[in-house]
Amino acid sequence: MATTQTHDAPAREPGNVESHRRKGLVPEGSTYLAIGIALVGIALTLGPILYLILGGFRTQGDLASNPTGLPDPIQWQNYWDILSGSLFWRQLLNSTLVAVATTAAVVLFGTMAAYPLARYSFKGRELVFVIFTTGLMFPLTVAVLPLYLLLRDLHISGLWGLVIPQIAFALPVTIIILRPFLAALPKELEEASFMDGISRIGFFWRMLLPLARPAMVTVGVLAFIGSWNAYLLPLLLLTGDPSGMTLPLGVTIFQGQHSAATTMIMAYTSLAMLPALAFFLLMERRIVDGLTGAVKG
Amino acid sequence: MTALEASGRNADPVVEESTAGSRPPTPATDHPRRATVRKWAEIALFVGPALALFLTFVVYPVISAARYSMYKWNGVSQFSDAEFIGFENYARALFGGTDPDTKQAFTTAYTQPFWEALSHNFAIILLSLAIQLPLALIVALTLNRKFRGRAFTRVVIFAPYVLSEVIAGTMWLIIFDPNGVATQWMRAIGLDMPAGGWFEDPTWGFWTVFFIITWKYVGLAIILFLAGLSGVSEDLQEAASIDGASWWQIQWRINIPLIGPTIRIWAFLSIIGSIQLFDMVWVLNRGGTAGQYSTIASYMMEIGFFRSDWGYGSAIAVIMFFLSFVIALAYMATILRRDNAHPGKAR
């Protein structure tokens, strides 16, 4: 519910501001100042990223003698080597599998749990909810040492070792965001469905899931980013073969192994950055809404 | 984490529903008792998977950390063989003392690095509030207007936030390489890199890392503040301007106070995030070769996992938990309380 509100908020602003401006009622500061600050901000943000991407096209000597100009000569070798090999693609696949599995499970289990917590009335409901909310107090860092041992004892290794704890740690936020959203749906929905002889489980699948989709997308996007960027668990669990690693860990290993070939590292890091940037550009609205919604409540 | 404070407020609709006295609708059925059994089975089915995962992989490890913290244990031998030492691990980190076996002082090996790491966490908290907050506020207030390329600017400024700390950190490692572009630029204007290197210098290493953290996270503050500003009513600003208020006066007296709740929640997230900071400092040479920008989390991993002192590492983890817990509670009770107190509704 909160997330949809923030979506609407910016929409009414441009027209209003425009009309006030024409009347000259709202003092504006200076547009030039705004553009100036915008340009500085863009340069500081994009500058390092562009430097990195361009660096992947340089020769080692070019990087040393001419670090800020355009690459001369342009060298495709670094990117070509990485893209024609299997390591990068394997790590990209690993990251994708882990993120998709985590997201799907978090959204499904989170919605399932939030449903009775929002719309059933039963003894102990608030207690169960409070138990989930305590999860916000436990960051992964606090639990990571025993978690490592637990996974070892349960013989959960490899990518599953990432997925399962990531689901567990993402559930609290998911349930906390979903519960009020589900609770805000009108009660008449159930009354009408039950009148038609639909069971609660049928109601969940056929009515609630479609209606909850906006909120599910929001929590899904947050879970996906969290999983995609995860480092601590992969660092502990995915030791050994680099082709079994996820991208962030893979980048650090690659960097350690090619410490002499800086331009190669730059190419690898650039490529590892691109999926996240592309995903961000596609989902920018959702991500911002999700974050501001989660923050504003 | 982002929804921490939201938990308090968002619970409202649900609570209202249950206190209103009207029971939620139930499916029609002839047998009340069978209906009750069925209802509980459904609840178990729906909540069960999430609760089982959460208890097994979050709650149990956290409780285990508290248990391990009372033992001297290397994580390799059987835990049943580990020696129970009570609060010894905590004392070692917090107060020092001497090792009964080796007669060596704990201070240099344990206490000093712990307090150093902790001081870095607190320095990052304070600097975030002193530097990132005004910076983000000024940028957000300036950008809160129509101009060509505004949407593009917002997207670009926010982009670093979605990059992984690891990949962003690797990028900055290359830029701040002793022979890298940052050094060459400094030399071009007649200066040089810090004496020990961008990261290794005992004084400047911390500031290099703080700069990188700011690059990564100031975009979030700007976007949150802009979202808050878009909700401020134009009527107020208009009224103030009719009364002759200048642009700065409107920002200072209307816009900033009205996005106060957003600012306070951003500060909350920033503080908690600063206490738990790990990925970035770990990628940047594990908190520095001499720990010049170590954090509690990086210190915990260094000593717990990579030096196999699991009992001590767990004690550090528990201290970190208590710290964020106490700070979170104190912050919510004092600063966030007034934002959550809705008029006319006692909480």
# chains A, B, ... in the order shown; residues from 1 in each chain; ligands from 1

call {"tool": "residues_around", "arguments": {"residues": "region 269-286 of chain A", "least_positions_apart": "2", "cutoff": "8 Å", "atoms": "only C-alpha atoms", "output": "number ranges by chain"}}
result
A: 49, 52-53, 56, 92, 217-218, 221, 247-248, 251, 265-267, 288-290; B: 155, 159, 162-163, 167, 170-171

call {"tool": "residues_around", "arguments": {"residues": "region 313-326 of chain B", "least_positions_apart": "2", "cutoff": "9 Å", "atoms": "only C-alpha atoms", "output": "tab-separated table (two decimals) with all heavy atoms, in the first residue's frame"}}
result
chain	number	residue	atom	x	y	z
A	137	MET	N	16.72	-7.66	13.22
A	137	MET	CA	17.79	-7.33	14.17
A	137	MET	C	19.03	-8.19	13.93
A	137	MET	O	20.09	-7.89	14.43
A	137	MET	CB	17.31	-7.57	15.61
A	137	MET	CG	16.13	-6.76	15.99
A	137	MET	SD	16.64	-5.06	16.27
A	137	MET	CE	15.05	-4.29	16.51
A	138	PHE	N	18.85	-9.30	13.22
A	138	PHE	CA	19.97	-10.23	13.04
A	138	PHE	C	20.51	-10.11	11.63
A	138	PHE	O	20.00	-10.74	10.72
A	138	PHE	CB	19.53	-11.68	13.27
A	138	PHE	CG	18.86	-11.93	14.58
A	138	PHE	CD1	17.73	-12.71	14.66
A	138	PHE	CD2	19.38	-11.38	15.74
A	138	PHE	CE1	17.11	-12.95	15.87
A	138	PHE	CE2	18.77	-11.62	16.97
A	138	PHE	CZ	17.63	-12.40	17.03
A	139	PRO	N	21.54	-9.32	11.43
A	139	PRO	CA	22.13	-9.30	10.10
A	139	PRO	C	22.92	-10.59	9.89
A	139	PRO	O	23.29	-11.27	10.84
A	139	PRO	CB	23.06	-8.09	10.15
A	139	PRO	CG	23.44	-7.97	11.57
A	139	PRO	CD	22.27	-8.47	12.37
A	141	THR	N	25.88	-10.99	9.09
A	141	THR	CA	27.22	-10.98	9.68
A	141	THR	C	27.23	-11.59	11.08
A	141	THR	O	28.19	-12.26	11.46
A	141	THR	CB	27.75	-9.53	9.77
A	141	THR	OG1	26.68	-8.63	9.57
A	141	THR	CG2	28.82	-9.30	8.77
A	142	VAL	N	26.16	-11.34	11.87
A	142	VAL	CA	26.14	-11.86	13.24
A	142	VAL	C	26.06	-13.39	13.23
A	142	VAL	O	26.66	-14.05	14.06
A	142	VAL	CB	24.95	-11.26	14.02
A	142	VAL	CG1	24.75	-11.98	15.33
A	142	VAL	CG2	25.18	-9.78	14.25
A	143	ALA	N	25.31	-13.94	12.27
A	143	ALA	CA	25.03	-15.37	12.29
A	143	ALA	C	25.98	-16.18	11.43
A	143	ALA	O	25.89	-17.40	11.39
A	143	ALA	CB	23.59	-15.62	11.85
A	144	VAL	N	26.89	-15.51	10.72
A	144	VAL	CA	27.54	-16.20	9.61
A	144	VAL	C	28.47	-17.33	10.05
A	144	VAL	O	28.54	-18.37	9.39
A	144	VAL	CB	28.27	-15.19	8.69
A	144	VAL	CG1	29.55	-14.70	9.32
A	144	VAL	CG2	28.54	-15.80	7.33
A	145	LEU	N	29.15	-17.19	11.17
A	145	LEU	CA	30.07	-18.26	11.59
A	145	LEU	C	29.31	-19.54	11.93
A	145	LEU	O	29.60	-20.60	11.37
A	145	LEU	CB	30.94	-17.79	12.77
A	145	LEU	CG	31.92	-16.63	12.50
A	145	LEU	CD1	32.67	-16.24	13.77
A	145	LEU	CD2	32.90	-16.97	11.40
A	146	PRO	N	28.29	-19.47	12.84
A	146	PRO	CA	27.52	-20.70	13.10
A	146	PRO	C	26.78	-21.21	11.87
A	146	PRO	O	26.63	-22.42	11.70
A	146	PRO	CB	26.53	-20.27	14.19
A	146	PRO	CG	27.10	-19.05	14.78
A	146	PRO	CD	27.87	-18.37	13.71
B	62	VAL	N	21.99	-17.65	15.23
B	62	VAL	CA	22.22	-16.52	16.13
B	62	VAL	C	22.37	-17.02	17.56
B	62	VAL	O	23.26	-16.59	18.30
B	62	VAL	CB	21.07	-15.49	16.01
B	62	VAL	CG1	21.14	-14.49	17.13
B	62	VAL	CG2	21.14	-14.79	14.67
B	64	SER	N	23.30	-20.00	18.40
B	64	SER	CA	24.58	-20.72	18.45
B	64	SER	C	25.74	-19.76	18.65
B	64	SER	O	26.68	-20.06	19.38
B	64	SER	CB	24.81	-21.49	17.15
B	64	SER	OG	23.76	-22.38	16.93
B	65	ALA	N	25.68	-18.60	17.99
B	65	ALA	CA	26.76	-17.63	18.14
B	65	ALA	C	26.89	-17.23	19.60
B	65	ALA	O	28.01	-17.15	20.14
B	65	ALA	CB	26.49	-16.40	17.27
B	66	ALA	N	25.75	-17.02	20.26
B	66	ALA	CA	25.79	-16.67	21.68
B	66	ALA	C	26.42	-17.80	22.49
B	66	ALA	O	27.18	-17.57	23.44
B	66	ALA	CB	24.38	-16.36	22.18
B	67	ARG	N	26.12	-19.05	22.11
B	67	ARG	CA	26.67	-20.20	22.84
B	67	ARG	C	28.18	-20.32	22.60
B	67	ARG	O	28.96	-20.44	23.54
B	67	ARG	CB	25.95	-21.46	22.38
B	67	ARG	CG	26.01	-22.63	23.34
B	67	ARG	CD	24.89	-23.60	23.05
B	67	ARG	NE	24.97	-24.09	21.67
B	67	ARG	CZ	25.35	-25.33	21.35
B	67	ARG	NH1	25.66	-26.19	22.29
B	67	ARG	NH2	25.41	-25.71	20.09
B	68	TYR	N	28.58	-20.28	21.32
B	68	TYR	CA	30.01	-20.43	21.00
B	68	TYR	C	30.84	-19.36	21.70
B	68	TYR	O	32.01	-19.59	22.02
B	68	TYR	CB	30.25	-20.30	19.49
B	68	TYR	CG	29.63	-21.38	18.65
B	68	TYR	CD1	29.38	-21.17	17.30
B	68	TYR	CD2	29.31	-22.61	19.19
B	68	TYR	CE1	28.81	-22.15	16.52
B	68	TYR	CE2	28.73	-23.60	18.42
B	68	TYR	CZ	28.48	-23.36	17.08
B	68	TYR	OH	27.92	-24.34	16.31
B	69	SER	N	30.22	-18.18	21.89
B	69	SER	CA	31.01	-17.07	22.43
B	69	SER	C	31.49	-17.33	23.85
B	69	SER	O	32.34	-16.63	24.37
B	69	SER	CB	30.18	-15.78	22.39
B	69	SER	OG	29.16	-15.83	23.36
B	70	MET	N	30.94	-18.38	24.49
B	70	MET	CA	31.34	-18.72	25.85
B	70	MET	C	32.45	-19.77	25.86
B	70	MET	O	32.83	-20.25	26.92
B	70	MET	CB	30.15	-19.30	26.62
B	70	MET	CG	28.95	-18.40	26.63
B	70	MET	SD	29.17	-17.09	27.81
B	70	MET	CE	27.52	-16.48	27.98
B	87	PHE	N	32.61	-15.61	30.20
B	87	PHE	CA	32.65	-14.35	29.46
B	87	PHE	C	34.07	-13.91	29.12
B	87	PHE	O	34.30	-12.75	28.80
B	87	PHE	CB	31.93	-13.25	30.26
B	87	PHE	CG	30.45	-13.44	30.28
B	87	PHE	CD1	29.83	-14.11	31.33
B	87	PHE	CD2	29.67	-12.98	29.23
B	87	PHE	CE1	28.46	-14.30	31.33
B	87	PHE	CE2	28.29	-13.17	29.23
B	87	PHE	CZ	27.69	-13.84	30.29
B	89	ASN	N	35.96	-14.42	26.53
B	89	ASN	CA	36.13	-13.85	25.20
B	89	ASN	C	35.72	-12.38	25.16
B	89	ASN	O	36.37	-11.56	24.52
B	89	ASN	CB	35.32	-14.64	24.17
B	89	ASN	CG	35.95	-15.98	23.85
B	89	ASN	OD1	37.18	-16.08	23.74
B	89	ASN	ND2	35.13	-17.01	23.72
B	90	TYR	N	34.60	-12.10	25.84
B	90	TYR	CA	34.12	-10.71	25.87
B	90	TYR	C	35.12	-9.83	26.61
B	90	TYR	O	35.43	-8.72	26.18
B	90	TYR	CB	32.76	-10.63	26.56
B	90	TYR	CG	31.66	-11.33	25.79
B	90	TYR	CD1	31.36	-12.66	26.04
B	90	TYR	CD2	30.94	-10.66	24.83
B	90	TYR	CE1	30.37	-13.30	25.34
B	90	TYR	CE2	29.94	-11.28	24.12
B	90	TYR	CZ	29.65	-12.61	24.38
B	90	TYR	OH	28.67	-13.25	23.68
B	93	ALA	N	38.10	-8.91	24.50
B	93	ALA	CA	37.87	-7.85	23.52
B	93	ALA	C	37.69	-6.50	24.19
B	93	ALA	O	38.28	-5.51	23.77
B	93	ALA	CB	36.63	-8.18	22.69
B	114	PHE	N	40.27	-4.61	18.45
B	114	PHE	CA	38.82	-4.53	18.58
B	114	PHE	C	38.36	-3.08	18.71
B	114	PHE	O	37.46	-2.64	18.00
B	114	PHE	CB	38.34	-5.33	19.79
B	114	PHE	CG	36.91	-5.07	20.15
B	114	PHE	CD1	35.88	-5.63	19.39
B	114	PHE	CD2	36.57	-4.23	21.20
B	114	PHE	CE1	34.56	-5.36	19.69
B	114	PHE	CE2	35.24	-3.96	21.51
B	114	PHE	CZ	34.24	-4.53	20.75
B	271	ILE	N	23.21	4.56	10.04
B	271	ILE	CA	23.90	4.17	11.27
B	271	ILE	C	24.00	2.64	11.36
B	271	ILE	O	25.07	2.08	11.61
B	271	ILE	CB	23.15	4.74	12.50
B	271	ILE	CG1	23.30	6.27	12.53
B	271	ILE	CG2	23.67	4.12	13.78
B	271	ILE	CD1	22.41	6.94	13.55
B	272	ILE	N	22.85	1.97	11.15
B	272	ILE	CA	22.86	0.51	11.25
B	272	ILE	C	23.79	-0.09	10.18
B	272	ILE	O	24.58	-1.00	10.44
B	272	ILE	CB	21.43	-0.05	11.09
B	272	ILE	CG1	20.53	0.49	12.21
B	272	ILE	CG2	21.43	-1.57	11.10
B	272	ILE	CD1	20.92	0.05	13.59
B	275	ILE	N	27.42	0.19	11.18
B	275	ILE	CA	27.87	-0.76	12.20
B	275	ILE	C	28.17	-2.12	11.56
B	275	ILE	O	29.08	-2.82	11.96
B	275	ILE	CB	26.81	-0.91	13.31
B	275	ILE	CG1	26.68	0.41	14.07
B	275	ILE	CG2	27.18	-2.03	14.27
B	275	ILE	CD1	25.59	0.40	15.08
B	276	GLN	N	27.37	-2.48	10.53
B	276	GLN	CA	27.51	-3.81	9.96
B	276	GLN	C	28.38	-3.83	8.70
B	276	GLN	O	28.46	-4.85	8.03
B	276	GLN	CB	26.12	-4.36	9.65
B	276	GLN	CG	25.33	-4.58	10.93
B	276	GLN	CD	23.86	-4.73	10.68
B	276	GLN	OE1	23.41	-4.70	9.54
B	276	GLN	NE2	23.10	-4.90	11.76
B	296	ILE	N	34.11	-3.71	12.80
B	296	ILE	CA	33.89	-4.85	13.70
B	296	ILE	C	33.64	-6.11	12.90
B	296	ILE	O	34.13	-7.17	13.24
B	296	ILE	CB	32.68	-4.66	14.65
B	296	ILE	CG1	32.39	-3.20	14.93
B	296	ILE	CG2	32.89	-5.40	15.95
B	296	ILE	CD1	31.16	-3.05	15.77
B	297	ALA	N	32.87	-5.97	11.81
B	297	ALA	CA	32.55	-7.16	11.02
B	297	ALA	C	33.80	-7.73	10.36
B	297	ALA	O	34.01	-8.95	10.34
B	297	ALA	CB	31.49	-6.83	9.97
B	299	TYR	N	36.86	-7.36	11.35
B	299	TYR	CA	37.70	-7.91	12.43
B	299	TYR	C	37.17	-9.28	12.87
B	299	TYR	O	37.95	-10.22	13.08
B	299	TYR	CB	37.73	-6.93	13.60
B	299	TYR	CG	38.49	-7.42	14.80
B	299	TYR	CD1	39.83	-7.79	14.70
B	299	TYR	CD2	37.87	-7.53	16.04
B	299	TYR	CE1	40.53	-8.24	15.79
B	299	TYR	CE2	38.56	-7.97	17.14
B	299	TYR	CZ	39.89	-8.34	17.02
B	299	TYR	OH	40.57	-8.79	18.10
B	300	MET	N	35.85	-9.38	12.97
B	300	MET	CA	35.24	-10.66	13.36
B	300	MET	C	35.60	-11.76	12.36
B	300	MET	O	35.97	-12.87	12.74
B	300	MET	CB	33.73	-10.50	13.43
B	300	MET	CG	32.99	-11.78	13.75
B	300	MET	SD	31.26	-11.70	13.28
B	300	MET	CE	31.35	-12.16	11.56
B	301	MET	N	35.51	-11.45	11.06
B	301	MET	CA	35.82	-12.46	10.05
B	301	MET	C	37.30	-12.81	10.07
B	301	MET	O	37.68	-13.97	9.93
B	301	MET	CB	35.42	-11.95	8.67
B	301	MET	CG	33.94	-11.95	8.44
B	301	MET	SD	33.24	-13.59	8.58
B	301	MET	CE	33.97	-14.34	7.13
B	302	GLU	N	38.12	-11.79	10.23
B	302	GLU	CA	39.55	-12.01	10.23
B	302	GLU	C	39.94	-12.99	11.33
B	302	GLU	O	40.63	-13.98	11.09
B	302	GLU	CB	40.26	-10.66	10.44
B	302	GLU	CG	41.76	-10.72	10.35
B	302	GLU	CD	42.24	-10.89	8.92
B	302	GLU	OE1	41.85	-10.05	8.09
B	302	GLU	OE2	42.97	-11.86	8.64
B	303	ILE	N	39.45	-12.71	12.53
B	303	ILE	CA	39.93	-13.48	13.67
B	303	ILE	C	39.10	-14.76	13.85
B	303	ILE	O	39.62	-15.80	14.23
B	303	ILE	CB	39.91	-12.61	14.95
B	303	ILE	CG1	40.98	-13.09	15.91
B	303	ILE	CG2	38.56	-12.59	15.60
B	303	ILE	CD1	41.53	-11.99	16.75
B	304	GLY	N	37.79	-14.69	13.55
B	304	GLY	CA	36.94	-15.85	13.76
B	304	GLY	C	37.15	-16.90	12.69
B	304	GLY	O	37.44	-18.06	12.98
B	305	PHE	N	37.06	-16.47	11.44
B	305	PHE	CA	37.07	-17.45	10.36
B	305	PHE	C	38.47	-17.73	9.87
B	305	PHE	O	38.88	-18.87	9.75
B	305	PHE	CB	36.21	-16.93	9.20
B	305	PHE	CG	35.93	-18.00	8.18
B	305	PHE	CD1	34.96	-18.95	8.41
B	305	PHE	CD2	36.64	-18.04	7.00
B	305	PHE	CE1	34.70	-19.94	7.48
B	305	PHE	CE2	36.38	-19.03	6.06
B	305	PHE	CZ	35.42	-19.98	6.30
B	308	SER	N	40.61	-18.88	12.77
B	308	SER	CA	40.00	-20.02	13.45
B	308	SER	C	39.85	-19.84	14.95
B	308	SER	O	40.03	-20.78	15.71
B	308	SER	CB	40.79	-21.31	13.19
B	308	SER	OG	40.66	-21.65	11.84
B	309	ASP	N	39.53	-18.64	15.41
B	309	ASP	CA	39.22	-18.43	16.82
B	309	ASP	C	37.71	-18.22	16.91
B	309	ASP	O	37.23	-17.10	17.05
B	309	ASP	CB	39.99	-17.22	17.36
B	309	ASP	CG	40.10	-17.25	18.87
B	309	ASP	OD1	39.28	-17.97	19.50
B	309	ASP	OD2	40.99	-16.59	19.42
B	310	TRP	N	36.96	-19.33	16.78
B	310	TRP	CA	35.51	-19.22	16.60
B	310	TRP	C	34.82	-18.68	17.84
B	310	TRP	O	33.83	-17.95	17.74
B	310	TRP	CB	34.93	-20.58	16.20
B	310	TRP	CG	35.30	-20.92	14.80
B	310	TRP	CD1	36.55	-21.20	14.35
B	310	TRP	CD2	34.44	-20.96	13.67
B	310	TRP	NE1	36.51	-21.42	13.00
B	310	TRP	CE2	35.23	-21.29	12.56
B	310	TRP	CE3	33.07	-20.76	13.49
B	310	TRP	CZ2	34.69	-21.42	11.28
B	310	TRP	CZ3	32.55	-20.90	12.23
B	310	TRP	CH2	33.36	-21.23	11.14
B	311	GLY	N	35.30	-19.07	19.00
B	311	GLY	CA	34.67	-18.57	20.23
B	311	GLY	C	34.79	-17.07	20.32
B	311	GLY	O	33.81	-16.36	20.53
B	328	ALA	N	19.61	0.82	17.72
B	328	ALA	CA	18.33	0.84	17.00
B	328	ALA	C	17.19	1.16	17.96
B	328	ALA	O	16.34	2.01	17.67
B	328	ALA	CB	18.09	-0.51	16.31
B	329	LEU	N	17.17	0.49	19.11
B	329	LEU	CA	16.10	0.74	20.07
B	329	LEU	C	16.14	2.18	20.56
B	329	LEU	O	15.11	2.86	20.62
B	329	LEU	CB	16.23	-0.21	21.27
B	329	LEU	CG	15.68	-1.62	21.07
B	329	LEU	CD1	15.67	-2.35	22.39
B	329	LEU	CD2	14.28	-1.58	20.46
B	330	ALA	N	17.34	2.65	20.91
B	330	ALA	CA	17.45	4.01	21.42
B	330	ALA	C	17.00	5.01	20.37
B	330	ALA	O	16.27	5.97	20.66
B	330	ALA	CB	18.90	4.29	21.84
B	331	TYR	N	17.41	4.77	19.14
B	331	TYR	CA	17.05	5.70	18.06
B	331	TYR	C	15.54	5.70	17.84
B	331	TYR	O	14.92	6.74	17.70
B	331	TYR	CB	17.76	5.28	16.77
B	331	TYR	CG	17.77	6.35	15.70
B	331	TYR	CD1	18.81	7.27	15.63
B	331	TYR	CD2	16.75	6.43	14.77
B	331	TYR	CE1	18.83	8.24	14.66
B	331	TYR	CE2	16.76	7.40	13.79
B	331	TYR	CZ	17.80	8.30	13.73
B	331	TYR	OH	17.81	9.27	12.77

call {"tool": "residues_around", "arguments": {"residues": "Thr96 (chain A)", "least_positions_apart": "2", "cutoff": "10 Å", "atoms": "only C-alpha atoms", "output": "PyMOL selection string"}}
result
chain A and resi 90-94+98-102+224+227-228+246-247+275

call {"tool": "atom_distance", "arguments": {"atom1": "CA of Thr252 (chain A)", "atom2": "CA of Phe176 (chain B)"}}
result
16.0 Å

call {"tool": "residues_around", "arguments": {"residues": "Tyr293 (chain B)", "least_positions_apart": "2", "cutoff": "8 Å", "atoms": "only C-alpha atoms", "output": "short mmCIF file (atom, residue, chain, number, x, y, z; two decimals) with N, CA and C atoms, in the first residue's frame"}}
result
data_model
loop_
_atom_site.label_atom_id
_atom_site.label_comp_id
_atom_site.auth_asym_id
_atom_site.auth_seq_id
_atom_site.Cartn_x
_atom_site.Cartn_y
_atom_site.Cartn_z
N ALA B 117 38.81 -1.15 15.48
CA ALA B 117 37.76 -1.45 14.51
C ALA B 117 36.47 -0.72 14.89
N HIS B 120 36.50 2.87 14.09
CA HIS B 120 36.26 3.15 12.67
C HIS B 120 34.77 3.13 12.35
N GLY B 205 44.40 6.46 4.56
CA GLY B 205 43.74 5.24 4.12
C GLY B 205 42.27 5.23 4.49
N PHE B 206 41.98 5.61 5.73
CA PHE B 206 40.59 5.65 6.18
C PHE B 206 39.76 6.61 5.33
N VAL B 209 38.80 5.24 1.94
CA VAL B 209 37.70 4.30 2.04
C VAL B 209 36.39 5.05 2.31
N VAL B 281 34.96 -2.96 2.96
CA VAL B 281 36.28 -2.91 3.59
C VAL B 281 37.04 -4.22 3.38
N GLY B 287 40.31 -4.65 5.17
CA GLY B 287 40.33 -3.65 6.23
C GLY B 287 41.67 -2.94 6.35
N GLY B 288 42.54 -3.14 5.39
CA GLY B 288 43.85 -2.49 5.41
C GLY B 288 44.90 -3.38 6.04
N GLY B 291 45.04 -2.75 9.44
CA GLY B 291 43.71 -2.53 10.00
C GLY B 291 43.35 -1.06 10.09
N THR B 295 36.60 -2.80 10.29
CA THR B 295 35.34 -2.59 11.01
C THR B 295 35.12 -3.79 11.92
#

call {"tool": "select_by_dssp", "arguments": {"residues": "region 37-258 of chain A", "states": "alpha helix (DSSP H)", "output": "MDAnalysis selection string"}}
result
chainID A and resid 37:55 60:65 77:84 87:119 125:134 140:153 158:184 188:195 200:203 209:211 213:229 232:237 247:257

call {"tool": "closest_residue", "arguments": {"among": "A:Val40, A:Ala113, A:Leu249, A:Ile35", "to": "chain B", "atoms": "only C-alpha atoms"}}
result
A:Ala113

call {"tool": "select_by_dssp", "arguments": {"residues": "region 39-262 of chain B", "states": "strand (DSSP E)", "output": "PDB file with all heavy atoms, in the first residue's frame"}}
result
ATOM      1  N   TYR B  71      32.914 -20.176  24.701  1.00  0.00           N
ATOM      2  CA  TYR B  71      33.880 -21.276  24.634  1.00  0.00           C
ATOM      3  C   TYR B  71      35.179 -20.839  23.964  1.00  0.00           C
ATOM      4  O   TYR B  71      35.215 -19.862  23.218  1.00  0.00           O
ATOM      5  CB  TYR B  71      33.293 -22.453  23.852  1.00  0.00           C
ATOM      6  CG  TYR B  71      32.215 -23.184  24.592  1.00  0.00           C
ATOM      7  CD1 TYR B  71      30.905 -22.695  24.608  1.00  0.00           C
ATOM      8  CD2 TYR B  71      32.505 -24.351  25.298  1.00  0.00           C
ATOM      9  CE1 TYR B  71      29.911 -23.366  25.300  1.00  0.00           C
ATOM     10  CE2 TYR B  71      31.511 -25.032  25.983  1.00  0.00           C
ATOM     11  CZ  TYR B  71      30.215 -24.531  25.987  1.00  0.00           C
ATOM     12  OH  TYR B  71      29.242 -25.199  26.663  1.00  0.00           O
ATOM     13  N   LYS B  72      36.194 -21.598  24.254  1.00  0.00           N
ATOM     14  CA  LYS B  72      37.442 -21.481  23.516  1.00  0.00           C
ATOM     15  C   LYS B  72      37.429 -22.600  22.489  1.00  0.00           C
ATOM     16  O   LYS B  72      37.474 -23.776  22.847  1.00  0.00           O
ATOM     17  CB  LYS B  72      38.629 -21.646  24.471  1.00  0.00           C
ATOM     18  CG  LYS B  72      39.957 -21.367  23.814  1.00  0.00           C
ATOM     19  CD  LYS B  72      41.069 -21.439  24.861  1.00  0.00           C
ATOM     20  CE  LYS B  72      42.384 -21.023  24.238  1.00  0.00           C
ATOM     21  NZ  LYS B  72      43.422 -20.875  25.269  1.00  0.00           N
ATOM     22  N   GLU B  83      36.522 -25.849  25.390  1.00  0.00           N
ATOM     23  CA  GLU B  83      36.622 -25.482  26.799  1.00  0.00           C
ATOM     24  C   GLU B  83      35.691 -24.314  27.101  1.00  0.00           C
ATOM     25  O   GLU B  83      35.726 -23.281  26.421  1.00  0.00           O
ATOM     26  CB  GLU B  83      38.079 -25.077  27.098  1.00  0.00           C
ATOM     27  CG  GLU B  83      38.343 -24.746  28.548  1.00  0.00           C
ATOM     28  CD  GLU B  83      39.703 -24.070  28.727  1.00  0.00           C
ATOM     29  OE1 GLU B  83      40.533 -24.118  27.786  1.00  0.00           O
ATOM     30  OE2 GLU B  83      39.919 -23.485  29.793  1.00  0.00           O
ATOM     31  N   PHE B  84      34.847 -24.486  28.131  1.00  0.00           N
ATOM     32  CA  PHE B  84      33.935 -23.412  28.526  1.00  0.00           C
ATOM     33  C   PHE B  84      34.723 -22.357  29.299  1.00  0.00           C
ATOM     34  O   PHE B  84      35.384 -22.659  30.284  1.00  0.00           O
ATOM     35  CB  PHE B  84      32.814 -23.974  29.399  1.00  0.00           C
ATOM     36  CG  PHE B  84      31.815 -22.931  29.816  1.00  0.00           C
ATOM     37  CD1 PHE B  84      30.758 -22.583  28.985  1.00  0.00           C
ATOM     38  CD2 PHE B  84      31.936 -22.291  31.046  1.00  0.00           C
ATOM     39  CE1 PHE B  84      29.841 -21.618  29.365  1.00  0.00           C
ATOM     40  CE2 PHE B  84      31.023 -21.319  31.428  1.00  0.00           C
ATOM     41  CZ  PHE B  84      29.974 -20.983  30.581  1.00  0.00           C
TER      42      PHE B  84
END

call {"tool": "closest_residue", "arguments": {"among": "A:Phe254, A:Phe132, A:Tyr51, A:Tyr115", "to": "Phe203 (chain A)", "atoms": "only C-alpha atoms"}}
result
A:Tyr115

call {"tool": "residues_around", "arguments": {"residues": "region 250-257 of chain B", "least_positions_apart": "4", "cutoff": "7 Å", "atoms": "only C-alpha atoms", "output": "list in words"}}
result
Leu229, Val232, Gln237, Ala240, Ala245 and Ser246 of chain B

call {"tool": "atom_distance", "arguments": {"atom1": "CA of Ala114 (chain A)", "atom2": "CA of Ala44 (chain B)"}}
result
12.2 Å

call {"tool": "closest_residue", "arguments": {"among": "B:Gly96, B:Ile131, B:Ser164, B:Gln78", "to": "Pro113 (chain B)", "atoms": "only C-alpha atoms"}}
result
B:Gly96

call {"tool": "closest_residue", "arguments": {"among": "A:Ala64, A:Lys123, A:Leu222, A:Ile37", "to": "Arg154 (chain B)", "atoms": "only C-alpha atoms"}}
result
A:Ile37

call {"tool": "residues_around", "arguments": {"residues": "Gly196 (chain B)", "least_positions_apart": "4", "cutoff": "12 Å", "atoms": "only C-alpha atoms", "output": "list of chain:residue names"}}
result
B:Asp177, B:Pro178, B:Asp192, B:Glu200, B:Asp201, B:Pro202, B:Thr203, B:Trp204, B:Gly205, B:Gly288, B:Thr289, B:Ala290, B:Gln292

call {"tool": "residues_around", "arguments": {"residues": "Leu54 (chain A)", "least_positions_apart": "5", "cutoff": "10 Å", "atoms": "only C-alpha atoms", "output": "VMD selection string"}}
result
chain A and resid 48 to 49 63 67 to 71 74 to 75 263 266 to 267 270
